[in-house]
file upload-v4.csv (CSV, C-alpha atoms and all ligand atoms)
chain,number,residue,atom,x,y,z
L,167,MET,CA,-228.8,157.1,38.4
L,168,VAL,CA,-225.5,155.3,38.8
L,169,PRO,CA,-226.0,151.6,39.5
L,170,VAL,CA,-224.9,150.2,42.9
L,171,ARG,CA,-222.7,147.1,43.0
L,172,LEU,CA,-223.6,144.5,45.6
L,173,ARG,CA,-222.0,141.2,46.4
L,174,GLY,CA,-224.3,138.3,47.2
L,175,HIS,CA,-224.6,138.4,51.0
L,176,HIS,CA,-225.1,142.1,51.0
L,177,PHE,CA,-228.6,141.6,49.3
L,178,LEU,CA,-229.5,140.3,52.8
L,179,CYS,CA,-227.5,142.8,54.9
L,180,VAL,CA,-229.3,145.8,53.3
L,181,LEU,CA,-232.6,144.4,54.5
L,182,THR,CA,-231.7,144.8,58.2
L,183,TYR,CA,-229.5,147.9,58.0
L,184,ARG,CA,-230.4,150.3,60.8
L,185,GLY,CA,-227.3,152.4,60.6
L,186,TYR,CA,-225.0,150.3,62.6
L,187,GLY,CA,-221.6,148.9,61.3
L,188,TYR,CA,-218.0,148.4,62.0
L,189,THR,CA,-216.8,152.0,62.1
L,190,PRO,CA,-218.3,155.5,61.4
L,191,ALA,CA,-216.7,155.4,57.9
L,192,PHE,CA,-218.2,152.1,57.1
L,193,VAL,CA,-221.6,153.3,58.3
L,194,ALA,CA,-221.4,156.6,56.3
L,195,ASN,CA,-220.6,154.6,53.2
L,196,MET,CA,-223.2,151.9,53.7
L,197,SER,CA,-225.8,154.6,54.5
L,198,ARG,CA,-225.0,156.2,51.1
L,199,VAL,CA,-225.4,152.9,49.3
L,200,VAL,CA,-228.6,152.0,51.0
L,201,ALA,CA,-230.1,155.5,50.3
L,202,ALA,CA,-229.2,155.1,46.6
L,203,ILE,CA,-231.0,151.8,46.4
L,204,LYS,CA,-234.0,153.2,48.2
L,205,ALA,CA,-234.0,156.1,45.7
L,206,GLY,CA,-234.3,153.6,42.9
L,207,ALA,CA,-230.7,153.0,41.8
L,208,ALA,CA,-230.4,149.7,40.0
L,209,VAL,CA,-228.2,147.0,41.7
L,210,GLU,CA,-225.6,145.0,39.8
L,211,LEU,CA,-224.5,141.7,41.3
L,212,THR,CA,-220.7,141.7,41.7
L,213,GLU,CA,-218.2,139.1,42.8
L,214,GLY,CA,-216.0,140.0,45.8
L,215,PRO,CA,-215.7,143.5,47.3
L,216,ASP,CA,-218.6,145.8,46.3
L,217,ASP,CA,-219.7,149.3,47.0
L,218,ILE,CA,-220.3,148.6,50.6
L,219,CYS,CA,-216.9,147.1,51.0
L,220,ASN,CA,-215.4,149.9,48.9
L,221,GLY,CA,-212.5,151.6,50.7
L,222,PHE,CA,-213.0,149.5,53.7
L,223,THR,CA,-211.3,146.3,52.7
L,224,SER,CA,-208.2,146.4,54.9
L,225,ALA,CA,-210.0,147.8,57.9
L,226,CYS,CA,-212.6,145.1,57.6
L,227,ARG,CA,-210.0,142.5,57.7
L,228,GLU,CA,-208.7,143.8,61.0
L,229,ILE,CA,-211.9,144.2,62.8
L,230,SER,CA,-214.5,141.9,61.4
L,231,ASP,CA,-215.0,138.3,60.6
L,232,HIS,CA,-215.9,139.3,57.0
L,233,ASP,CA,-212.6,139.4,55.2
L,234,CYS,CA,-213.8,140.5,51.8
L,235,SER,CA,-211.6,138.0,50.0
L,236,LEU,CA,-211.8,134.9,52.1
L,237,ALA,CA,-213.1,131.8,50.4
L,238,SER,CA,-215.7,131.5,53.2
L,239,THR,CA,-217.0,135.0,52.5
L,240,MET,CA,-217.2,134.2,48.7
L,241,GLU,CA,-219.1,131.0,49.7
L,242,MET,CA,-221.4,133.1,51.8
L,243,ASP,CA,-222.1,135.2,48.7
L,244,ARG,CA,-223.0,132.2,46.6
L,245,THR,CA,-225.2,130.8,49.4
L,246,ALA,CA,-227.0,134.2,49.6
L,247,ILE,CA,-227.5,134.4,45.9
L,248,ALA,CA,-229.1,130.9,45.8
L,249,SER,CA,-231.4,131.8,48.7
L,250,VAL,CA,-232.7,135.0,47.2
L,251,ALA,CA,-233.0,133.8,43.6
L,252,ARG,CA,-236.6,132.6,44.0
L,253,LEU,CA,-237.7,136.2,44.7
L,254,LEU,CA,-235.1,137.9,42.5
L,255,PRO,CA,-234.9,135.6,39.4
L,256,ASP,CA,-233.0,138.3,37.5
L,257,ILE,CA,-230.1,137.9,39.9
L,258,ALA,CA,-229.0,134.9,37.9
L,259,ASP,CA,-228.5,137.1,34.8
L,260,LYS,CA,-225.2,138.9,35.4
L,261,SER,CA,-226.0,141.4,32.7
L,262,SER,CA,-229.2,142.4,34.4
L,263,ALA,CA,-229.5,145.4,36.8
L,264,ILE,CA,-231.9,144.6,39.6
L,265,VAL,CA,-234.2,147.2,41.0
L,266,LEU,CA,-235.1,146.5,44.6
L,267,THR,CA,-238.6,147.9,44.6
L,268,ALA,CA,-240.5,148.3,47.9
L,269,GLU,CA,-242.5,145.2,47.0
L,270,ARG,CA,-239.4,143.1,46.4
L,271,VAL,CA,-237.8,144.3,49.7
L,272,GLU,CA,-241.0,143.4,51.5
L,273,ALA,CA,-241.0,139.9,50.0
L,274,LEU,CA,-237.3,139.4,50.8
L,275,ARG,CA,-238.0,140.6,54.4
L,276,VAL,CA,-240.8,138.1,54.8
L,277,ALA,CA,-238.5,135.3,53.7
L,278,PHE,CA,-235.7,136.7,55.9
L,279,ALA,CA,-238.0,136.8,59.0
L,280,SER,CA,-239.1,133.2,58.4
L,281,GLY,CA,-235.5,132.0,57.9
L,282,ASP,CA,-236.2,131.0,54.2
L,283,ASN,CA,-233.3,133.0,52.8
L,284,ARG,CA,-230.9,133.2,55.8
L,285,GLN,CA,-228.6,130.2,55.1
L,286,ALA,CA,-225.8,132.6,54.4
L,287,CYS,CA,-226.1,134.2,57.8
L,288,LYS,CA,-225.4,131.1,59.8
L,289,ASP,CA,-221.8,131.9,60.7
L,290,CYS,CA,-222.1,135.7,60.8
L,291,SER,CA,-221.4,137.5,64.0
L,292,TRP,CA,-224.3,139.8,63.4
L,293,ALA,CA,-226.8,137.0,63.1
L,294,GLU,CA,-228.5,137.5,66.5
L,295,PHE,CA,-228.7,141.3,65.9
L,296,CYS,CA,-230.3,140.8,62.5
L,297,THR,CA,-232.7,138.2,63.9
L,298,ALA,CA,-233.8,140.7,66.5
L,299,ILE,CA,-234.4,143.4,63.9
L,300,ALA,CA,-236.5,141.0,61.8
L,301,ALA,CA,-238.5,140.0,64.9
L,302,ASP,CA,-239.0,143.7,65.5
L,303,GLY,CA,-240.7,144.0,62.1
L,304,PHE,CA,-237.6,145.7,60.6
L,305,SER,CA,-238.5,148.9,62.4
L,306,GLY,CA,-235.9,151.7,62.0
L,307,THR,CA,-234.3,150.1,59.0
L,308,LYS,CA,-233.0,152.4,56.3
L,309,LEU,CA,-234.1,150.6,53.1
W,401,LIG,S1,-226.7,138.0,59.8
W,401,LIG,FE1,-224.8,138.9,58.8
W,401,LIG,S2,-225.0,138.2,56.6
W,401,LIG,FE2,-227.0,138.0,57.5
W,401,LIG,S3,-228.1,139.9,57.1
W,401,LIG,FE3,-227.1,140.1,59.1
W,401,LIG,S4,-225.1,141.1,58.8
W,401,LIG,FE4,-225.8,140.3,56.8

call {"tool": "encode", "arguments": {"input": "upload-v4.csv", "output": "structure tokens"}}
result
Amino acid sequence: MVPVRLRGHHFLCVLTYRGYGYTPAFVANMSRVVAAIKAGAAVELTEGPDDICNGFTSACREISDHDCSLASTMEMDRTAIASVARLLPDIADKSSAIVLTAERVEALRVAFASGDNRQACKDCSWAEFCTAIAADGFSGTKL
């Protein structure tokens, strides 16, 4: 199975993904990525635009607060990586492909719901939406 490339903060976004996003094209692409991870595709940490951003970079810049290349978005990635490293120690090894098993996703979600790994979310416009999904037990999420 072809590995999936994810940037740092998307290790959090896949946890709450319910099939909503910026545009239908974004949703179709992200749904494919999340389905691949769920099916067992390994995940490679990447810097900057990843497979969720793929093909969406310019549109994202126009309609979202997540310009893929902004320094603040790169900082968001670094913050997210630091916050998930306790549960995903292999994320620090750039040559390692990470498998997000159901057990790991569950552990990440427990930490997400408690706020333990949400430092990167603090300035995100989706923060309340994701908080509500976590409070709802992540029901209806795709991963
Ligand atoms: S609040 Fe933003 S960064 Fe955090 S998981 Fe949700 S969409 Fe991703």

call {"tool": "closest_residue", "arguments": {"input": "upload-v4.csv", "among": "L:Lys308, L:Arg284, L:Arg171, L:Arg275", "to": "ligand LIG 401 (chain W)", "atoms": "all atoms listed in the file"}}
result
L:Arg284

call {"tool": "closest_residue", "arguments": {"input": "upload-v4.csv", "among": "L:Ala273, L:Met242, L:Cys179, L:Ala194", "to": "ligand LIG 401 (chain W)", "atoms": "only C-alpha atoms and all ligand atoms"}}
result
L:Cys179

call {"tool": "atom_distance", "arguments": {"input": "upload-v4.csv", "atom1": "atom CA of Ala237 of chain L", "atom2": "atom CA of Glu213 of chain L"}}
result
11.7 Å

call {"tool": "closest_residue", "arguments": {"input": "upload-v4.csv", "among": "L:Pro190, L:Pro255, L:Gly185, L:Gly174", "to": "Asp217 of chain L", "atoms": "only C-alpha atoms"}}
result
L:Gly174

call {"tool": "closest_residue", "arguments": {"input": "upload-v4.csv", "among": "L:Ala201, L:Ala293, L:Leu253, L:Ile299", "to": "ligand LIG 401 (chain W)", "atoms": "only C-alpha atoms and all ligand atoms"}}
result
L:Ala293

call {"tool": "residues_around", "arguments": {"input": "upload-v4.csv", "residues": "Met240 of chain L", "least_positions_apart": "5", "cutoff": "9 Å", "atoms": "all atoms listed in the file", "output": "ChimeraX atom specification"}}
result
/L:173-175,213-214,234-235,245

call {"tool": "closest_residue", "arguments": {"input": "upload-v4.csv", "among": "L:Ile247, L:Ile218, L:Ala191, L:Val271", "to": "Cys287 of chain L", "atoms": "only C-alpha atoms"}}
result
L:Ile247

call {"tool": "residues_near_ligand", "arguments": {"input": "upload-v4.csv", "ligand": "ligand LIG 401 (chain W)", "cutoff": "12 Å", "atoms": "only C-alpha atoms and all ligand atoms", "output": "ChimeraX atom specification"}}
result
/L:173-188,218,230-232,238-247,249-250,274-275,277-279,281,283-300,304

call {"tool": "closest_residue", "arguments": {"input": "upload-v4.csv", "among": "L:Asp282, L:Glu210, L:Asp216, L:Asp302", "to": "Ala263 of chain L", "atoms": "all atoms listed in the file"}}
result
L:Glu210

call {"tool": "atom_distance", "arguments": {"input": "upload-v4.csv", "atom1": "atom CA of Leu172 of chain L", "atom2": "atom CA of Thr212 of chain L"}}
result
5.6 Å

call {"tool": "atom_distance", "arguments": {"input": "upload-v4.csv", "atom1": "atom CA of Ala207 of chain L", "atom2": "atom CA of Ala301 of chain L"}}
result
27.6 Å
